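K.L.:
What follows is a structure written as structure tokens; I'll ask about it next.
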Amino acid sequence: MTDPLSIRRLYGRAQGHPLRERQAGLIETLLPTLAIPEGPLSARRLFTDERPLHLEIGFGKGEHLAFQAVRNPGDGYIGAEPFLNGVAGLLADIDDAALTNIRLHRGDALDVLERLPDASLSTVWLLHPDPWPKARHAKRRFVNPGPMDLIAAKLKPGGHFKLATDHPRYLRHALMVMAARPDFEWTAETPFHWQNVPQDWPDTRFAAKARALGHEVWRLDYVRVPA
Ligand SMILES: C[S@@+](CC[C@H](N)C(=O)[O-])C[C@H]1O[C@@H](n2cnc3c(N)ncnc32)[C@H](O)[C@@H]1O
């Protein structure tokens with residue numbers, strides 16, 4: 001497996017417009033109660049029991065993670081996102097719906113993945129990752145051998161890696177990276193299956209923006225299989 005330290009990179013904005021009063025208050029009061037602790041992580045450590053565990057990488061404003069957490073209240077959800085305004089957005093959803101099954105990391109998802117036990121995750125979502133469209137930035141894309149080695153190690157056999165993108169170049173790159181991996185099997189049954197909007201996988205904010213611009217949104221669902 002690639003040394004995860006050699007792939008650790010955090011790019012993008014840490015904060016956008018100033019937080020509103022309620023958002024700032026939730027960052028002060030609610031975030032510390034939901035922030036993942038230092039050191040090794042596990043379902044028991046985060047949720048006090050052995051429930052199924054899922055991770056969303058770069059959850060943006062968090063509407064997809066909140067949707068999943070409402071849908072499966074017995075499961076545990078971890079969200080990693082460095083963008084403060086996004087974290088504040090998800091905290092508002094958590095507060096409004098009184099959700100108790102989400103834990104948060106304001107930072108790089110690789111830091112979370114590294115601290116989870118192998119074969120501990122049921123699902124990893126990577127929805128509309130930053131596309132890094134220039135060829136010279138291709139190594140910064142999350143779908144690359146280093147990060148995917150880590151995701152493969154942390155997914156249970158039969159666990160799912162779910163990727164969405166509206167960026168044709170990212171789609172092509174991801175299809176090539178994933179096709180080279182014997183440890184993942186693409187679940188697409190027909191060429192059009194992966195453009196459907198499944199009931200358990202709603203559009204995110206970025207997906208909605210992309211559709212409004214007339215772009216296609218692609219969903220790729222891979223299962224972790226023995227290599
Ligand atoms: C294009 S946005 C998509 C947001 C959201 N998933 C959606 O579909 O609306 C990509 C997000 O990934 C976050 N991100 C980038 N690198 C990351 C990393 N290494 N770990 C966690 N989040 C990351 C960015 O801060 C940004 O919010």
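Lettering and numbering for the structure tokens are positional, with chains as A, B, ... in the shown order, residues counted from 1 in each chain, and ligands counted from 1 in the shown order.
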As an MDAnalysis selection string, please: every protein or nucleic acid residue near ligand 1 (cut-off 6 Å, counting only C-alpha atoms and all ligand atoms).

P.N.:
chainID A and resid 10:12 57:60 80:83 107:109 127:130 204:207

K.L.:
Mind checking which residues fall within 12 Å of Leu121 in chain A, counting only C-alpha atoms, ignoring those fewer than 2 positions away in the same chain, and posting them as number ranges by chain?

P.N.:
A: 41-43, 50-56, 75-78, 112-113, 115-119, 123-125, 150-161, 223-224

K.L.:
Find the distance between CA of His64 in chain A and CA of Ala210 in chain A and write it in Å to one decimal.

P.N.:
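Answer for the CA of His64 in chain A to CA of Ala210 in chain A separation: 15.8 Å.
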
K.L.:
Given the choices A:Trp218, A:Trp132, A:Phe184, A:Phe47, which gets closest to Asp166 in chain A if the distance is worked out from only C-alpha atoms?

P.N.:
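Among the listed residues, A:Trp218 lies closest to Asp166 in chain A.
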
K.L.:
For each of A:Ala188, A:Leu110, A:Leu30, A:Asp200, take the minimum atom-to-atom distance to Asn72 in chain A, counting only C-alpha atoms, then give the residue where this is smallest.

P.N.:
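For Asn72 in chain A, the nearest of the candidates is A:Asp200.
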
K.L.:
When DSSP works through the backbone of this structure, what residues of range 48-80 of chain A end up as strand (DSSP E or B), shown as an mmCIF file with C-alpha atoms, in the first residue's frame?

P.N.:
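result-v8.cif written:
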```
data_model
loop_
_atom_site.group_PDB
_atom_site.id
_atom_site.type_symbol
_atom_site.label_atom_id
_atom_site.label_comp_id
_atom_site.auth_asym_id
_atom_site.auth_seq_id
_atom_site.Cartn_x
_atom_site.Cartn_y
_atom_site.Cartn_z
ATOM 1 C CA LEU A 53 -20.025 2.639 10.039
ATOM 2 C CA HIS A 54 -20.032 4.905 6.976
ATOM 3 C CA LEU A 55 -17.766 7.775 5.872
ATOM 4 C CA GLU A 56 -18.458 10.721 3.592
ATOM 5 C CA ILE A 57 -15.379 12.474 2.232
ATOM 6 C CA GLY A 76 -23.016 5.560 12.461
ATOM 7 C CA TYR A 77 -21.886 8.261 10.029
ATOM 8 C CA ILE A 78 -18.558 10.079 9.931
ATOM 9 C CA GLY A 79 -18.181 13.205 7.829
ATOM 10 C CA ALA A 80 -14.843 14.793 6.951
#
```

K.L.:
If DSSP is run on the backbone, what residues of range 68-139 of chain A are helix (DSSP H, G or I)? A reply as a ChimeraX atom specification would be ideal.

P.N.:
/A:68-71,84-97,109-115,135-139

K.L.:
Using only C-alpha atoms, which residues sit within 10 Å of Arg219 in chain A once same-chain residues fewer than 6 positions away are excluded, as a list in words?

P.N.:
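The residues that qualify are Leu127, His128, Lys162, Leu163, Ala164, Thr165, Asp166, Leu171, Ala188, His193, Trp194, Gln195, Asn196, Val197, Pro198, Trp201 and Asp203 of chain A.
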
K.L.:
Keeping only all heavy atoms, write those residues as a compact mmCIF listing (two decimals), in the first residue's frame.

P.N.:
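The resulting file, result_5.txt, is reproduced below:
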```txt
# COMPACT_ATOMS: atom_id res chain seq x y z
N LEU A 127 -18.50 12.42 -3.13
CA LEU A 127 -19.52 13.00 -4.02
C LEU A 127 -19.03 14.35 -4.56
O LEU A 127 -18.76 15.28 -3.80
CB LEU A 127 -20.84 13.17 -3.27
CG LEU A 127 -21.34 11.87 -2.59
CD1 LEU A 127 -22.65 12.12 -1.84
CD2 LEU A 127 -21.51 10.74 -3.61
N HIS A 128 -18.86 14.39 -5.84
CA HIS A 128 -18.37 15.60 -6.53
C HIS A 128 -17.06 16.11 -5.93
O HIS A 128 -16.98 17.25 -5.47
CB HIS A 128 -19.47 16.67 -6.56
CG HIS A 128 -20.68 16.17 -7.29
ND1 HIS A 128 -20.83 16.28 -8.63
CD2 HIS A 128 -21.74 15.46 -6.84
CE1 HIS A 128 -21.94 15.68 -9.00
NE2 HIS A 128 -22.52 15.17 -7.93
N LYS A 162 -18.79 4.78 -3.21
CA LYS A 162 -19.75 5.43 -4.10
C LYS A 162 -19.22 6.82 -4.48
O LYS A 162 -18.96 7.65 -3.60
CB LYS A 162 -21.10 5.56 -3.40
CG LYS A 162 -21.71 4.20 -3.06
CD LYS A 162 -23.14 4.32 -2.61
CE LYS A 162 -23.74 2.95 -2.37
NZ LYS A 162 -25.20 2.97 -2.40
N LEU A 163 -19.09 7.00 -5.77
CA LEU A 163 -18.50 8.22 -6.31
C LEU A 163 -19.50 8.91 -7.23
O LEU A 163 -20.16 8.24 -8.02
CB LEU A 163 -17.25 7.83 -7.13
CG LEU A 163 -16.63 8.90 -8.02
CD1 LEU A 163 -15.92 9.96 -7.18
CD2 LEU A 163 -15.63 8.26 -8.99
N ALA A 164 -19.63 10.23 -7.09
CA ALA A 164 -20.44 10.99 -8.05
C ALA A 164 -19.56 12.10 -8.62
O ALA A 164 -18.73 12.68 -7.92
CB ALA A 164 -21.66 11.60 -7.38
N THR A 165 -19.76 12.37 -9.88
CA THR A 165 -19.08 13.51 -10.51
C THR A 165 -19.90 14.01 -11.70
O THR A 165 -20.65 13.25 -12.31
CB THR A 165 -17.64 13.14 -10.97
OG1 THR A 165 -17.00 14.33 -11.46
CG2 THR A 165 -17.62 12.09 -12.06
N ASP A 166 -19.75 15.30 -11.97
CA ASP A 166 -20.38 15.84 -13.18
C ASP A 166 -19.28 16.29 -14.13
O ASP A 166 -19.54 17.00 -15.10
CB ASP A 166 -21.28 17.04 -12.83
CG ASP A 166 -20.51 18.15 -12.16
OD1 ASP A 166 -20.08 17.96 -11.00
OD2 ASP A 166 -20.29 19.21 -12.79
N LEU A 171 -14.55 11.80 -14.55
CA LEU A 171 -15.21 10.51 -14.79
C LEU A 171 -14.26 9.56 -15.52
O LEU A 171 -14.07 8.41 -15.12
CB LEU A 171 -16.48 10.73 -15.62
CG LEU A 171 -17.17 9.44 -16.07
CD1 LEU A 171 -17.81 8.71 -14.88
CD2 LEU A 171 -18.23 9.73 -17.14
N ALA A 188 -22.31 -1.35 -12.11
CA ALA A 188 -23.15 -0.93 -13.23
C ALA A 188 -23.53 -2.13 -14.09
O ALA A 188 -22.67 -2.91 -14.49
CB ALA A 188 -22.41 0.10 -14.07
N HIS A 193 -27.41 2.61 -16.38
CA HIS A 193 -27.77 2.37 -14.98
C HIS A 193 -27.17 3.44 -14.07
O HIS A 193 -27.80 3.94 -13.16
CB HIS A 193 -27.27 0.98 -14.59
CG HIS A 193 -27.32 0.70 -13.14
ND1 HIS A 193 -28.48 0.27 -12.53
CD2 HIS A 193 -26.39 0.80 -12.17
CE1 HIS A 193 -28.25 0.10 -11.26
NE2 HIS A 193 -26.98 0.41 -11.01
N TRP A 194 -25.94 3.81 -14.32
CA TRP A 194 -25.23 4.69 -13.41
C TRP A 194 -25.61 6.16 -13.55
O TRP A 194 -25.09 7.00 -12.85
CB TRP A 194 -23.72 4.48 -13.53
CG TRP A 194 -23.22 4.25 -14.92
CD1 TRP A 194 -23.44 3.15 -15.69
CD2 TRP A 194 -22.41 5.12 -15.69
NE1 TRP A 194 -22.81 3.29 -16.89
CE2 TRP A 194 -22.17 4.48 -16.92
CE3 TRP A 194 -21.86 6.37 -15.45
CZ2 TRP A 194 -21.41 5.07 -17.91
CZ3 TRP A 194 -21.09 6.94 -16.45
CH2 TRP A 194 -20.88 6.29 -17.66
N GLN A 195 -26.52 6.49 -14.48
CA GLN A 195 -27.00 7.86 -14.53
C GLN A 195 -28.35 8.02 -13.83
O GLN A 195 -28.90 9.11 -13.78
CB GLN A 195 -27.12 8.33 -15.97
CG GLN A 195 -25.75 8.44 -16.63
CD GLN A 195 -25.83 9.01 -18.01
OE1 GLN A 195 -26.72 9.77 -18.32
NE2 GLN A 195 -24.90 8.62 -18.86
N ASN A 196 -28.91 6.92 -13.30
CA ASN A 196 -30.18 7.01 -12.58
C ASN A 196 -29.98 7.77 -11.27
O ASN A 196 -28.86 7.94 -10.80
CB ASN A 196 -30.70 5.60 -12.25
CG ASN A 196 -31.09 4.86 -13.49
OD1 ASN A 196 -31.28 5.45 -14.54
ND2 ASN A 196 -31.20 3.54 -13.37
N VAL A 197 -31.10 8.20 -10.67
CA VAL A 197 -31.04 8.82 -9.35
C VAL A 197 -31.69 7.83 -8.37
O VAL A 197 -32.91 7.82 -8.22
CB VAL A 197 -31.77 10.17 -9.32
CG1 VAL A 197 -31.68 10.80 -7.92
CG2 VAL A 197 -31.17 11.12 -10.35
N PRO A 198 -30.89 6.96 -7.74
CA PRO A 198 -31.48 5.97 -6.84
C PRO A 198 -32.12 6.65 -5.62
O PRO A 198 -31.69 7.73 -5.22
CB PRO A 198 -30.28 5.12 -6.40
CG PRO A 198 -29.13 5.55 -7.23
CD PRO A 198 -29.43 6.90 -7.77
N TRP A 201 -29.79 7.70 -2.83
CA TRP A 201 -28.61 8.47 -3.21
C TRP A 201 -29.05 9.77 -3.89
O TRP A 201 -28.95 9.92 -5.10
CB TRP A 201 -27.74 7.63 -4.16
CG TRP A 201 -26.37 8.18 -4.45
CD1 TRP A 201 -25.91 9.46 -4.21
CD2 TRP A 201 -25.30 7.48 -5.06
NE1 TRP A 201 -24.63 9.57 -4.62
CE2 TRP A 201 -24.21 8.39 -5.15
CE3 TRP A 201 -25.14 6.18 -5.54
CZ2 TRP A 201 -23.00 8.02 -5.71
CZ3 TRP A 201 -23.93 5.83 -6.10
CH2 TRP A 201 -22.87 6.72 -6.18
N ASP A 203 -29.34 13.80 -5.06
CA ASP A 203 -28.38 14.79 -5.55
C ASP A 203 -27.87 15.63 -4.38
O ASP A 203 -28.61 15.97 -3.46
CB ASP A 203 -29.07 15.74 -6.54
CG ASP A 203 -29.08 15.17 -7.95
OD1 ASP A 203 -28.43 14.14 -8.19
OD2 ASP A 203 -29.77 15.77 -8.81
```

K.L.:
For range 15-24 of chain A, work out the shell of residues within 8 Å, counting only C-alpha atoms and skipping chain neighbours fewer than 6 positions away, then give it as a list of chain:residue names.

P.N.:
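Returned residues: A:Phe83, A:Leu84, A:Asn85, A:Ala88, A:Gly89, A:Leu91, A:Ala92.
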
K.L.:
Now that the selection is made, can you save its residues with N, CA, C and O atoms as an mmCIF file, in the first residue's frame?

P.N.:
```cif
data_model
loop_
_atom_site.group_PDB
_atom_site.id
_atom_site.type_symbol
_atom_site.label_atom_id
_atom_site.label_comp_id
_atom_site.auth_asym_id
_atom_site.auth_seq_id
_atom_site.Cartn_x
_atom_site.Cartn_y
_atom_site.Cartn_z
ATOM 1 N N PHE A 83 -13.948 22.612 5.056
ATOM 2 C CA PHE A 83 -14.564 23.927 4.792
ATOM 3 C C PHE A 83 -15.504 24.291 5.942
ATOM 4 O O PHE A 83 -16.542 23.627 6.148
ATOM 5 N N LEU A 84 -15.149 25.328 6.695
ATOM 6 C CA LEU A 84 -15.878 25.661 7.926
ATOM 7 C C LEU A 84 -17.365 25.942 7.669
ATOM 8 O O LEU A 84 -18.229 25.502 8.423
ATOM 9 N N ASN A 85 -17.664 26.669 6.578
ATOM 10 C CA ASN A 85 -19.061 26.986 6.307
ATOM 11 C C ASN A 85 -19.871 25.731 6.021
ATOM 12 O O ASN A 85 -21.063 25.651 6.352
ATOM 13 N N ALA A 88 -20.565 24.101 9.346
ATOM 14 C CA ALA A 88 -21.631 24.849 10.019
ATOM 15 C C ALA A 88 -22.996 24.495 9.430
ATOM 16 O O ALA A 88 -23.988 24.375 10.158
ATOM 17 N N GLY A 89 -23.055 24.302 8.113
ATOM 18 C CA GLY A 89 -24.316 23.933 7.462
ATOM 19 C C GLY A 89 -24.821 22.590 7.954
ATOM 20 O O GLY A 89 -26.011 22.427 8.268
ATOM 21 N N LEU A 91 -24.023 21.137 10.788
ATOM 22 C CA LEU A 91 -24.381 21.247 12.214
ATOM 23 C C LEU A 91 -25.821 21.757 12.365
ATOM 24 O O LEU A 91 -26.561 21.298 13.244
ATOM 25 N N ALA A 92 -26.229 22.682 11.502
ATOM 26 C CA ALA A 92 -27.605 23.194 11.574
ATOM 27 C C ALA A 92 -28.598 22.071 11.281
ATOM 28 O O ALA A 92 -29.622 21.934 11.971
#
```

K.L.:
Can you work out which one of A:Thr48, A:Arg141, A:Pro37, A:Ala14 has the shortest atom-to-atom distance to Gly86 in chain A, counting only C-alpha atoms?

P.N.:
A:Ala14

K.L.:
I want to know what sits within 12 Å of Pro32 in chain A, based on only C-alpha atoms, with residues of the same chain fewer than 3 positions away left out; could you give that as number ranges by chain?

P.N.:
A: 25-29, 35-37, 87, 91, 103-106

K.L.:
What does the distance between CA of Leu99 in chain A and CA of Leu34 in chain A come to in Å, to one decimal place?

P.N.:
10.6 Å
